[in-house]
file start_34.pdb (PDB, C-alpha atoms)
ATOM      1  CA  MET A1215     -21.327 -30.456 -20.903
ATOM      2  CA  ASN A1216     -24.516 -28.620 -19.879
ATOM      3  CA  THR A1217     -25.288 -31.386 -17.390
ATOM      4  CA  ALA A1218     -22.752 -29.756 -15.058
ATOM      5  CA  LEU A1219     -25.289 -26.980 -14.446
ATOM      6  CA  SER A1220     -28.629 -27.761 -12.881
ATOM      7  CA  THR A1221     -31.912 -26.322 -14.119
ATOM      8  CA  ALA A1222     -32.169 -24.467 -10.807
ATOM      9  CA  HIS A1223     -28.854 -22.729 -11.486
ATOM     10  CA  LYS A1224     -29.931 -21.795 -15.015
ATOM     11  CA  GLU A1225     -33.199 -20.405 -13.704
ATOM     12  CA  GLY A1226     -31.276 -18.445 -11.067
ATOM     13  CA  ILE A1227     -28.901 -16.986 -13.676
ATOM     14  CA  THR A1228     -31.892 -16.057 -15.844
ATOM     15  CA  ARG A1229     -33.666 -14.313 -12.955
ATOM     16  CA  LYS A1230     -30.485 -12.431 -12.047
ATOM     17  CA  ALA A1231     -29.985 -11.275 -15.655
ATOM     18  CA  LEU A1232     -33.581 -10.087 -16.006
ATOM     19  CA  ALA A1233     -33.438  -8.305 -12.648
ATOM     20  CA  GLY A1234     -30.222  -6.629 -13.788
ATOM     21  CA  PHE A1235     -31.936  -5.393 -16.937
ATOM     22  CA  ARG A1236     -34.833  -3.926 -14.969
ATOM     23  CA  ALA A1237     -32.493  -2.178 -12.505
ATOM     24  CA  SER A1238     -30.029  -0.931 -15.115
ATOM     25  CA  GLY A1239     -32.235   1.701 -16.731
ATOM     26  CA  PHE A1240     -31.308   0.481 -20.217
ATOM     27  CA  GLN A1241     -34.181   1.211 -22.587
ATOM     28  CA  SER A1242     -32.716  -1.172 -25.139
ATOM     29  CA  ARG A1243     -32.396  -4.902 -24.547
ATOM     30  CA  LYS A1244     -29.628  -4.913 -27.138
ATOM     31  CA  ARG A1245     -27.552  -2.429 -25.137
ATOM     32  CA  TYR A1246     -28.054  -4.351 -21.914
ATOM     33  CA  ALA A1247     -27.065  -7.588 -23.668
ATOM     34  CA  THR A1248     -23.870  -5.906 -24.892
ATOM     35  CA  SER A1249     -23.136  -4.704 -21.350
ATOM     36  CA  ILE A1250     -23.108  -8.304 -20.070
ATOM     37  CA  ASN A1251     -21.169  -9.620 -23.078
ATOM     38  CA  ILE A1252     -23.918 -11.561 -24.828
ATOM     39  CA  THR A1253     -25.889 -10.995 -28.026
ATOM     40  CA  SER A1254     -29.412  -9.621 -28.168
ATOM     41  CA  SER A1255     -30.522 -13.067 -29.389
ATOM     42  CA  ASP A1256     -28.993 -14.632 -26.297
ATOM     43  CA  PHE A1257     -30.876 -12.194 -24.084
ATOM     44  CA  SER A1258     -34.125 -12.919 -25.923
ATOM     45  CA  ASN A1259     -33.567 -16.630 -25.370
ATOM     46  CA  LEU A1260     -33.054 -15.962 -21.662
ATOM     47  CA  GLU A1261     -36.059 -13.674 -21.387
ATOM     48  CA  ASN A1262     -38.363 -16.124 -23.133
ATOM     49  CA  GLU A1263     -36.750 -19.182 -21.525
ATOM     50  CA  LYS A1264     -36.191 -20.782 -24.912
ATOM     51  CA  TRP A1265     -33.229 -22.642 -23.437
ATOM     52  CA  LYS A1266     -35.772 -24.857 -21.691
ATOM     53  CA  GLN A1267     -36.917 -26.119 -25.087
ATOM     54  CA  ASN A1268     -33.425 -26.332 -26.584
ATOM     55  CA  ASP A1269     -30.626 -27.050 -24.112
ATOM     56  CA  ARG A1270     -27.998 -26.485 -26.801
ATOM     57  CA  LEU A1271     -28.736 -22.757 -27.104
ATOM     58  CA  PHE A1272     -26.271 -22.083 -24.271
ATOM     59  CA  SER A1273     -23.081 -23.973 -23.587
ATOM     60  CA  ALA A1274     -21.956 -24.435 -20.009
ATOM     61  CA  GLN A1275     -19.198 -21.921 -20.708
ATOM     62  CA  LYS A1276     -21.746 -19.296 -21.786
ATOM     63  CA  TRP A1277     -23.909 -19.929 -18.715
ATOM     64  CA  VAL A1278     -20.861 -19.429 -16.514
ATOM     65  CA  ARG A1279     -19.901 -16.227 -18.344
ATOM     66  CA  ILE A1280     -23.407 -14.799 -17.942
ATOM     67  CA  ALA A1281     -23.372 -15.780 -14.259
ATOM     68  CA  ARG A1282     -20.083 -13.930 -13.783
ATOM     69  CA  GLU A1283     -21.315 -10.820 -15.587
ATOM     70  CA  VAL A1284     -24.573 -10.545 -13.635
ATOM     71  CA  GLY A1285     -23.106 -11.553 -10.268
ATOM     72  CA  TYR A1286     -24.908 -14.839  -9.753
ATOM     73  CA  GLU A1287     -23.570 -17.005  -6.914
ATOM     74  CA  PHE A1288     -23.643 -20.753  -7.567
ATOM     75  CA  ASN A1289     -23.094 -21.472  -3.878
ATOM     76  CA  ALA A1290     -25.778 -19.977  -1.618
ATOM     77  CA  ARG A1291     -23.189 -19.792   1.176
ATOM     78  CA  GLN A1292     -21.337 -17.166  -0.859
ATOM     79  CA  SER A1293     -24.330 -14.820  -0.989
ATOM     80  CA  TRP A1294     -23.763 -11.445   0.607
ATOM     81  CA  ASN A1295     -26.004  -8.775   2.112
ATOM     82  CA  THR A1296     -24.993  -5.142   1.978
ATOM     83  CA  ALA A1297     -24.544  -3.444   5.339
ATOM     84  CA  GLU A1298     -25.144   0.286   5.771
ATOM     85  CA  THR A1299     -21.592   0.974   6.881
ATOM     86  CA  MET A1300     -20.030   4.417   7.009
ATOM     87  CA  THR A1301     -17.941   3.507   3.976
ATOM     88  CA  TYR A1302     -20.986   2.375   2.031
ATOM     89  CA  ARG A1303     -22.979   5.486   2.927
ATOM     90  CA  ALA A1304     -20.103   7.840   2.086
ATOM     91  CA  ILE A1305     -19.571   6.296  -1.357
ATOM     92  CA  ARG A1306     -23.289   6.174  -2.117
ATOM     93  CA  ARG A1307     -23.733   9.815  -1.083
ATOM     94  CA  GLN A1308     -20.860  10.966  -3.291
ATOM     95  CA  LEU A1309     -22.017   8.888  -6.250
ATOM     96  CA  GLU A1310     -25.528  10.285  -5.970
ATOM     97  CA  MET A1311     -24.060  13.795  -6.002
ATOM     98  CA  CYS A1312     -21.796  13.051  -8.967
ATOM     99  CA  ALA A1313     -24.669  11.538 -10.946
ATOM    100  CA  LYS A1314     -27.115  14.332 -10.120
ATOM    101  CA  ASP A1315     -24.859  17.255 -11.004
ATOM    102  CA  GLY A1316     -22.301  15.734 -13.379
ATOM    103  CA  LEU A1317     -19.466  16.214 -10.884
ATOM    104  CA  SER A1318     -16.249  14.258 -10.346
ATOM    105  CA  ALA A1319     -14.507  13.037  -7.189
ATOM    106  CA  ILE A1320     -11.872  10.649  -5.838
ATOM    107  CA  PHE A1321     -12.449   8.227  -2.966
ATOM    108  CA  CYS A1322      -9.125   6.992  -1.650
ATOM    109  CA  ASP A1323      -8.730   5.036   1.561
ATOM    110  CA  GLU A1324      -7.218   1.860   2.996
ATOM    111  CA  ALA A1325      -7.780  -1.504   1.355
ATOM    112  CA  GLY A1326     -10.396  -3.796   2.847
ATOM    113  CA  LEU A1327     -13.069  -1.219   3.744
ATOM    114  CA  GLY A1328     -15.662  -2.477   1.248
ATOM    115  CA  LYS A1329     -15.143   0.237  -1.369
ATOM    116  CA  THR A1330     -15.568  -2.073  -4.354
ATOM    117  CA  HIS A1331     -18.684  -3.711  -2.936
ATOM    118  CA  ALA A1332     -20.268  -0.304  -2.345
ATOM    119  CA  ALA A1333     -19.448   0.867  -5.875
ATOM    120  CA  ARG A1334     -20.703  -2.310  -7.536
ATOM    121  CA  GLU A1335     -23.873  -2.274  -5.456
ATOM    122  CA  PHE A1336     -24.588   1.301  -6.503
ATOM    123  CA  CYS A1337     -23.963   0.598 -10.189
ATOM    124  CA  THR A1338     -26.059  -2.579 -10.124
ATOM    125  CA  ASN A1339     -29.076  -0.802  -8.656
ATOM    126  CA  THR A1340     -28.838   2.673 -10.171
ATOM    127  CA  PRO A1341     -29.889   3.493 -13.740
ATOM    128  CA  ASN A1342     -27.092   4.910 -15.899
ATOM    129  CA  ALA A1343     -24.348   4.130 -13.386
ATOM    130  CA  PHE A1344     -21.485   2.271 -15.056
ATOM    131  CA  TYR A1345     -18.616   0.389 -13.396
ATOM    132  CA  VAL A1346     -15.160  -0.191 -14.905
ATOM    133  CA  ASN A1347     -12.354  -1.958 -13.030
ATOM    134  CA  GLY A1348      -9.105  -0.151 -13.761
ATOM    135  CA  GLY A1349      -7.105  -3.090 -12.426
ATOM    136  CA  SER A1350      -8.572  -5.336 -15.115
ATOM    137  CA  PHE A1351      -8.319  -2.737 -17.886
ATOM    138  CA  PRO A1352      -5.357  -0.465 -17.066
ATOM    139  CA  ARG A1353      -4.327   0.284 -20.647
ATOM    140  CA  LYS A1354      -6.014   3.016 -22.661
ATOM    141  CA  VAL A1355      -7.493   0.928 -25.484
ATOM    142  CA  ALA A1356      -8.681  -1.843 -23.170
ATOM    143  CA  PHE A1357     -10.252   0.760 -20.876
ATOM    144  CA  ILE A1358     -12.120   2.391 -23.761
ATOM    145  CA  ARG A1359     -13.522  -0.958 -24.860
ATOM    146  CA  ALA A1360     -14.474  -1.895 -21.289
ATOM    147  CA  LEU A1361     -16.277   1.424 -20.805
ATOM    148  CA  ALA A1362     -18.074   0.998 -24.124
ATOM    149  CA  THR A1363     -19.199  -2.492 -23.113
ATOM    150  CA  ALA A1364     -20.449  -1.208 -19.753
ATOM    151  CA  VAL A1365     -22.703   1.369 -21.417
ATOM    152  CA  GLY A1366     -23.893  -1.057 -24.087
ATOM    153  CA  ILE A1367     -21.846   0.172 -27.058
ATOM    154  CA  ASN A1368     -20.309  -2.385 -29.415
ATOM    155  CA  PRO A1369     -16.603  -2.343 -28.446
ATOM    156  CA  ASP A1370     -15.376  -4.255 -31.494
ATOM    157  CA  LYS A1371     -15.277  -1.542 -34.150
ATOM    158  CA  SER A1372     -11.922  -1.398 -35.917
ATOM    159  CA  LYS A1373     -11.275   2.229 -34.906
ATOM    160  CA  VAL A1374     -11.055   2.665 -31.163
ATOM    161  CA  GLU A1375     -11.624   6.403 -31.638
ATOM    162  CA  ASP A1376     -15.071   5.619 -33.029
ATOM    163  CA  VAL A1377     -15.796   3.402 -30.034
ATOM    164  CA  LEU A1378     -14.805   6.212 -27.668
ATOM    165  CA  MET A1379     -16.831   8.919 -29.395
ATOM    166  CA  ASP A1380     -19.903   6.680 -29.726
ATOM    167  CA  THR A1381     -19.639   6.036 -25.994
ATOM    168  CA  VAL A1382     -19.270   9.746 -25.192
ATOM    169  CA  MET A1383     -22.224  10.707 -27.380
ATOM    170  CA  TYR A1384     -24.408   8.024 -25.816
ATOM    171  CA  LEU A1385     -23.502   9.192 -22.303
ATOM    172  CA  LYS A1386     -24.443  12.756 -23.277
ATOM    173  CA  ALA A1387     -27.925  11.524 -24.179
ATOM    174  CA  LEU A1388     -28.555   9.834 -20.822
ATOM    175  CA  PRO A1389     -30.133  11.439 -17.764
ATOM    176  CA  HIS A1390     -27.694  11.715 -14.827
ATOM    177  CA  PRO A1391     -25.037   9.183 -15.905
ATOM    178  CA  VAL A1392     -21.999   8.402 -13.754
ATOM    179  CA  ILE A1393     -18.871   6.364 -14.487
ATOM    180  CA  VAL A1394     -17.123   4.590 -11.605
ATOM    181  CA  ILE A1395     -13.441   3.789 -12.143
ATOM    182  CA  ASP A1396     -12.382   1.280  -9.483
ATOM    183  CA  GLU A1397      -8.767   0.276  -8.743
ATOM    184  CA  ALA A1398      -7.767   3.594 -10.331
ATOM    185  CA  GLY A1399      -4.243   3.366  -8.955
ATOM    186  CA  ASP A1400      -3.514   0.607 -11.487
ATOM    187  CA  LEU A1401      -4.251   2.734 -14.556
ATOM    188  CA  HIS A1402      -1.434   3.460 -16.990
ATOM    189  CA  ASN A1403      -0.400   7.082 -17.518
ATOM    190  CA  ASN A1404      -2.075   7.267 -20.934
ATOM    191  CA  THR A1405      -5.345   6.172 -19.354
ATOM    192  CA  TYR A1406      -5.194   9.119 -16.948
ATOM    193  CA  LEU A1407      -4.836  11.378 -19.988
ATOM    194  CA  LEU A1408      -7.875   9.599 -21.431
ATOM    195  CA  LEU A1409      -9.841  10.410 -18.256
ATOM    196  CA  LYS A1410      -8.922  14.069 -18.709
ATOM    197  CA  ARG A1411     -10.283  13.933 -22.251
ATOM    198  CA  ILE A1412     -13.477  12.156 -21.165
ATOM    199  CA  TYR A1413     -13.970  14.793 -18.466
ATOM    200  CA  ASN A1414     -13.513  17.586 -21.010
ATOM    201  CA  GLU A1415     -16.059  15.959 -23.338
ATOM    202  CA  LEU A1416     -18.623  15.335 -20.596
ATOM    203  CA  GLU A1417     -18.094  18.178 -18.113
ATOM    204  CA  PHE A1418     -21.232  18.631 -15.976
ATOM    205  CA  GLN A1419     -23.042  16.103 -18.202
ATOM    206  CA  CYS A1420     -21.683  12.879 -16.689
ATOM    207  CA  GLY A1421     -20.273  12.164 -13.253
ATOM    208  CA  LEU A1422     -16.825  10.571 -12.931
ATOM    209  CA  TYR A1423     -15.724   8.813  -9.746
ATOM    210  CA  MET A1424     -12.317   7.271  -9.083
ATOM    211  CA  ILE A1425     -11.826   4.733  -6.294
ATOM    212  CA  GLY A1426      -8.557   3.367  -4.988
ATOM    213  CA  ALA A1427      -6.524   2.382  -1.959
ATOM    214  CA  ARG A1428      -3.769   4.532  -0.467
ATOM    215  CA  GLY A1429      -1.538   3.731  -3.441
ATOM    216  CA  LEU A1430      -3.775   5.891  -5.657
ATOM    217  CA  LYS A1431      -2.989   8.994  -3.616
ATOM    218  CA  LYS A1432       0.710   8.150  -3.601
ATOM    219  CA  ARG A1433       0.624   7.643  -7.368
ATOM    220  CA  ILE A1434      -1.087  10.963  -8.120
ATOM    221  CA  ASP A1435       0.929  12.982  -5.580
ATOM    222  CA  SER A1436       4.203  11.600  -6.926
ATOM    223  CA  ALA A1437       3.207  12.250 -10.533
ATOM    224  CA  ILE A1438       2.263  15.846  -9.726
ATOM    225  CA  ARG A1439       5.573  16.420  -7.894
ATOM    226  CA  ASN A1440       7.443  15.011 -10.889
ATOM    227  CA  ARG A1441       5.307  17.077 -13.270
ATOM    228  CA  THR A1442       4.144  14.008 -15.150
ATOM    229  CA  ASN A1443       2.010  15.163 -18.056
ATOM    230  CA  GLY A1444      -1.704  15.336 -17.309
ATOM    231  CA  PHE A1445      -1.813  14.362 -13.650
ATOM    232  CA  GLU A1446      -2.205  17.863 -12.190
ATOM    233  CA  GLU A1447      -5.087  18.503 -14.602
ATOM    234  CA  VAL A1448      -6.751  15.186 -13.747
ATOM    235  CA  TYR A1449      -6.451  15.858 -10.014
ATOM    236  CA  SER A1450      -7.959  19.315 -10.454
ATOM    237  CA  ARG A1451     -10.838  18.023 -12.592
ATOM    238  CA  PHE A1452     -11.631  15.345 -10.006
ATOM    239  CA  GLY A1453     -12.115  17.895  -7.253
ATOM    240  CA  GLY A1454      -8.545  18.480  -6.087
ATOM    241  CA  ARG A1455      -8.939  16.316  -2.963
ATOM    242  CA  PHE A1456      -9.047  12.704  -1.806
ATOM    243  CA  THR A1457     -12.129  11.666   0.151
ATOM    244  CA  THR A1458     -11.468   9.328   3.084
ATOM    245  CA  VAL A1459     -13.569   7.870   5.908
ATOM    246  CA  LEU A1460     -11.001   6.148   8.127
ATOM    247  CA  PRO A1461      -9.886   8.347  11.064
ATOM    248  CA  ASP A1462      -6.178   9.068  11.553
ATOM    249  CA  GLY A1463      -5.812   8.269  15.245
ATOM    250  CA  ALA A1464      -5.131   4.649  16.208
ATOM    251  CA  LYS A1465      -7.890   4.560  18.826
ATOM    252  CA  GLU A1466     -10.417   6.229  16.528
ATOM    253  CA  ARG A1467      -9.413   3.946  13.652
ATOM    254  CA  LYS A1468      -9.975   0.829  15.778
ATOM    255  CA  GLU A1469     -13.385   2.037  16.942
ATOM    256  CA  PHE A1470     -14.420   2.906  13.388
ATOM    257  CA  LEU A1471     -13.456  -0.550  12.101
ATOM    258  CA  ARG A1472     -15.183  -2.218  15.055
ATOM    259  CA  LYS A1473     -18.472  -0.502  14.232
ATOM    260  CA  GLU A1474     -18.120  -1.342  10.533
ATOM    261  CA  ALA A1475     -17.356  -4.985  11.343
ATOM    262  CA  LEU A1476     -20.374  -5.345  13.636
ATOM    263  CA  LEU A1477     -22.687  -3.929  10.962
ATOM    264  CA  VAL A1478     -21.317  -6.288   8.297
ATOM    265  CA  ALA A1479     -21.461  -9.324  10.597
ATOM    266  CA  ASP A1480     -25.035  -8.578  11.670
ATOM    267  CA  ALA A1481     -26.260  -8.010   8.101
ATOM    268  CA  ASN A1482     -24.834 -11.385   7.074
ATOM    269  CA  GLY A1483     -26.055 -13.499   9.962
ATOM    270  CA  LEU A1484     -22.904 -13.766  12.037
ATOM    271  CA  HIS A1485     -24.115 -13.547  15.636
ATOM    272  CA  ASP A1486     -21.589 -15.849  17.312
ATOM    273  CA  ASN A1487     -20.138 -13.549  19.984
ATOM    274  CA  GLU A1488     -17.066 -15.712  20.486
ATOM    275  CA  ARG A1489     -16.187 -15.624  16.785
ATOM    276  CA  ILE A1490     -16.925 -11.875  16.577
ATOM    277  CA  ASN A1491     -14.715 -11.178  19.583
ATOM    278  CA  ARG A1492     -11.880 -13.155  17.968
ATOM    279  CA  ILE A1493     -12.133 -10.904  14.929
ATOM    280  CA  LEU A1494     -12.162  -7.733  16.987
ATOM    281  CA  SER A1495      -9.214  -8.812  19.135
ATOM    282  CA  ARG A1496      -6.724  -8.655  16.265
ATOM    283  CA  ASP A1497      -5.957  -6.521  13.214
ATOM    284  CA  PHE A1498      -8.793  -6.926  10.726
ATOM    285  CA  ASP A1499     -10.661  -5.327   7.853
ATOM    286  CA  MET A1500     -13.946  -6.120   6.089
ATOM    287  CA  ARG A1501     -12.307  -8.920   4.096
ATOM    288  CA  THR A1502     -11.469 -10.585   7.416
ATOM    289  CA  VAL A1503     -15.093 -10.262   8.472
ATOM    290  CA  ARG A1504     -16.273 -11.755   5.194
ATOM    291  CA  ARG A1505     -13.964 -14.740   5.590
ATOM    292  CA  GLU A1506     -15.264 -15.348   9.107
ATOM    293  CA  VAL A1507     -18.882 -15.116   7.951
ATOM    294  CA  LEU A1508     -18.260 -17.649   5.190
ATOM    295  CA  LYS A1509     -16.354 -19.943   7.563
ATOM    296  CA  SER A1510     -19.242 -19.793  10.034
ATOM    297  CA  ARG A1511     -21.682 -20.828   7.294
ATOM    298  CA  ILE A1512     -19.521 -23.797   6.354
ATOM    299  CA  ALA A1513     -19.291 -24.863   9.986
ATOM    300  CA  ALA A1514     -23.053 -24.545  10.524
TER     301      ALA A1514
END

call {"tool": "encode", "arguments": {"input": "start_34.pdb", "output": "structure tokens"}}
result
Amino acid sequence: MNTALSTAHKEGITRKALAGFRASGFQSRKRYATSINITSSDFSNLENEKWKQNDRLFSAQKWVRIAREVGYEFNARQSWNTAETMTYRAIRRQLEMCAKDGLSAIFCDEAGLGKTHAAREFCTNTPNAFYVNGGSFPRKVAFIRALATAVGINPDKSKVEDVLMDTVMYLKALPHPVIVIDEAGDLHNNTYLLLKRIYNELEFQCGLYMIGARGLKKRIDSAIRNRTNGFEEVYSRFGGRFTTVLPDGAKERKEFLRKEALLVADANGLHDNERINRILSRDFDMRTVRREVLKSRIAA
């Protein structure tokens, strides 16, 4: 089964995992291994390249799982360079502030602006910045275990309360930690109550940052109007406002997106004016630009 993966791919996955460890700020290899869903023995085998002596140490399935966790691209055409867009800079600036001072905030704007890429990029390259996708883990218990995994805490203890409190205590011990909750509009109501509790436990000791599309604002506003338990408190703890970057006016919106698109295209090698003009002549977002970049690479 391992023959499906070339040695070059395995070496690339190994380099990506080791680079992730160096960038993560984890002092413990065991905690970093937990954060990417492998054992400390697995990480040692990667670090010392023991898999080169014994190909059976890692199944193809495990190689693929590690690749997914560390963000390794099997196809070089899928590689992506980060552009210094307004969206990227706004999210980075807020995350730096949240991490530095233990503050909390909500970034809520249209889909397709590159919010998730900006958040993941920050967490990948910033020590003690932890990313959890609320769309993948909307329920309270699953969210707790996902957060624990992200910070390197064993999520498999029988009592989820112990998992949560171990995670909270570990975060208290770190310098300038920040938790990013992406796709926050998908979270279940009980998970919002959990965020209130986490805030109360970590106030001014750990930054919290929610990200979502326009549905997140609609969800929170509606819950507050209907006096749904906990939502007014969560909104207040997260700054009592929704940060946006996209202008309201149609003309201003189009110009903003045009500038963002040109930055993304340039950073990723798309310089075909005809293709760029086709993008800009219709409704588009950064996902559209990405598709066109990847299509241009295939055509090259």

call {"tool": "resolve_selection", "arguments": {"input": "start_34.pdb", "expression": "the PyMOL selection byres ((chain A and resi 1370-1372) around 12)", "output": "mmCIF file with C-alpha atoms, keeping the file's coordinate frame"}}
result
data_model
loop_
_atom_site.group_PDB
_atom_site.id
_atom_site.type_symbol
_atom_site.label_atom_id
_atom_site.label_comp_id
_atom_site.auth_asym_id
_atom_site.auth_seq_id
_atom_site.Cartn_x
_atom_site.Cartn_y
_atom_site.Cartn_z
ATOM 1 C CA THR A 1248 -23.870 -5.906 -24.892
ATOM 2 C CA ASN A 1251 -21.169 -9.620 -23.078
ATOM 3 C CA VAL A 1355 -7.493 0.928 -25.484
ATOM 4 C CA ALA A 1356 -8.681 -1.843 -23.170
ATOM 5 C CA ILE A 1358 -12.120 2.391 -23.761
ATOM 6 C CA ARG A 1359 -13.522 -0.958 -24.860
ATOM 7 C CA ALA A 1360 -14.474 -1.895 -21.289
ATOM 8 C CA ALA A 1362 -18.074 0.998 -24.124
ATOM 9 C CA THR A 1363 -19.199 -2.492 -23.113
ATOM 10 C CA GLY A 1366 -23.893 -1.057 -24.087
ATOM 11 C CA ILE A 1367 -21.846 0.172 -27.058
ATOM 12 C CA ASN A 1368 -20.309 -2.385 -29.415
ATOM 13 C CA PRO A 1369 -16.603 -2.343 -28.446
ATOM 14 C CA LYS A 1373 -11.275 2.229 -34.906
ATOM 15 C CA VAL A 1374 -11.055 2.665 -31.163
ATOM 16 C CA GLU A 1375 -11.624 6.403 -31.638
ATOM 17 C CA ASP A 1376 -15.071 5.619 -33.029
ATOM 18 C CA VAL A 1377 -15.796 3.402 -30.034
ATOM 19 C CA LEU A 1378 -14.805 6.212 -27.668
ATOM 20 C CA MET A 1379 -16.831 8.919 -29.395
ATOM 21 C CA ASP A 1380 -19.903 6.680 -29.726
ATOM 22 C CA THR A 1381 -19.639 6.036 -25.994
#

call {"tool": "resolve_selection", "arguments": {"input": "start_34.pdb", "expression": "the PyMOL selection byres ((chain A and resi 1233-1247) around 12)", "output": "PyMOL selection string"}}
result
chain A and resi 1226-1232+1248-1261+1280-1281+1283-1286+1335-1345+1362-1369+1381+1384-1385+1388-1391

call {"tool": "atom_distance", "arguments": {"input": "start_34.pdb", "atom1": "atom CA of Ala1290 of chain A", "atom2": "atom CA of Arg1303 of chain A"}}
result
26.0 Å

call {"tool": "resolve_selection", "arguments": {"input": "start_34.pdb", "expression": "the PyMOL selection byres ((chain A and resi 1331) around 12)", "output": "ChimeraX atom specification"}}
result
/A:1285,1294-1299,1301-1303,1305-1306,1325-1330,1332-1338,1345,1396,1425,1478,1500-1501,1504

call {"tool": "atom_distance", "arguments": {"input": "start_34.pdb", "atom1": "atom CA of Gln1419 of chain A", "atom2": "atom CA of Asp1435 of chain A"}}
result
27.3 Å

call {"tool": "closest_residue", "arguments": {"input": "start_34.pdb", "among": "A:Val1394, A:Ala1427, A:Gly1483, A:Arg1270", "to": "Gln1308 of chain A", "atoms": "all atoms listed in the file"}}
result
A:Val1394

call {"tool": "atom_distance", "arguments": {"input": "start_34.pdb", "atom1": "atom CA of Ala1313 of chain A", "atom2": "atom CA of Tyr1423 of chain A"}}
result
9.4 Å

call {"tool": "residues_near_point", "arguments": {"input": "start_34.pdb", "point": "(-8.9, -2.0, -16.6)", "cutoff": "10 Å", "atoms": "only C-alpha atoms", "output": "number ranges by chain"}}
result
A: 1346-1361, 1395-1398, 1400-1402, 1405

call {"tool": "closest_residue", "arguments": {"input": "start_34.pdb", "among": "A:Val1507, A:Cys1420, A:Leu1271, A:Ala1304", "to": "Val1459 of chain A", "atoms": "all atoms listed in the file"}}
result
A:Ala1304

call {"tool": "closest_residue", "arguments": {"input": "start_34.pdb", "among": "A:Glu1488, A:Asp1315, A:Asp1480, A:Asp1323", "to": "Lys1432 of chain A", "atoms": "all atoms listed in the file"}}
result
A:Asp1323

call {"tool": "closest_residue", "arguments": {"input": "start_34.pdb", "among": "A:Asn1482, A:Ser1293, A:Asn1414, A:Ser1510", "to": "Ser1318 of chain A", "atoms": "all atoms listed in the file"}}
result
A:Asn1414

call {"tool": "axis_aligned_box", "arguments": {"input": "start_34.pdb", "around": "segment 1297-1308 of chain A", "padding_each_side": "6 Å", "output": "AutoDock Vina command-line options"}}
result
--center_x -21.5 --center_y 3.8 --center_z 1.9 --size_x 19.2 --size_y 26.4 --size_z 22.3

call {"tool": "build_atoms", "arguments": {"input": "start_34.pdb", "residues": "segment 1383-1394 of chain A", "atoms": "N, CA and C atoms", "output": "compact mmCIF listing (two decimals), keeping the file's coordinate frame"}}
result
# COMPACT_ATOMS: atom_id res chain seq x y z
N MET A 1383 -20.96 10.16 -26.88
CA MET A 1383 -22.22 10.71 -27.38
C MET A 1383 -23.42 10.03 -26.71
N TYR A 1384 -23.31 8.72 -26.48
CA TYR A 1384 -24.41 8.02 -25.82
C TYR A 1384 -24.55 8.51 -24.38
N LEU A 1385 -23.44 8.70 -23.68
CA LEU A 1385 -23.50 9.19 -22.30
C LEU A 1385 -24.13 10.58 -22.24
N LYS A 1386 -23.85 11.42 -23.24
CA LYS A 1386 -24.44 12.76 -23.28
C LYS A 1386 -25.96 12.70 -23.38
N ALA A 1387 -26.48 11.63 -23.97
CA ALA A 1387 -27.92 11.52 -24.18
C ALA A 1387 -28.66 10.99 -22.96
N LEU A 1388 -27.92 10.47 -21.98
CA LEU A 1388 -28.56 9.83 -20.82
C LEU A 1388 -28.85 10.84 -19.71
N PRO A 1389 -29.90 10.59 -18.93
CA PRO A 1389 -30.13 11.44 -17.76
C PRO A 1389 -29.26 11.00 -16.58
N HIS A 1390 -28.49 11.91 -16.05
CA HIS A 1390 -27.69 11.72 -14.83
C HIS A 1390 -26.80 10.47 -14.87
N PRO A 1391 -25.96 10.33 -15.90
CA PRO A 1391 -25.04 9.18 -15.90
C PRO A 1391 -23.84 9.41 -14.99
N VAL A 1392 -23.23 8.31 -14.55
CA VAL A 1392 -22.00 8.40 -13.75
C VAL A 1392 -21.14 7.19 -14.08
N ILE A 1393 -19.84 7.43 -14.23
CA ILE A 1393 -18.87 6.36 -14.49
C ILE A 1393 -18.03 6.16 -13.24
N VAL A 1394 -17.95 4.93 -12.75
CA VAL A 1394 -17.12 4.59 -11.60
C VAL A 1394 -15.87 3.87 -12.09
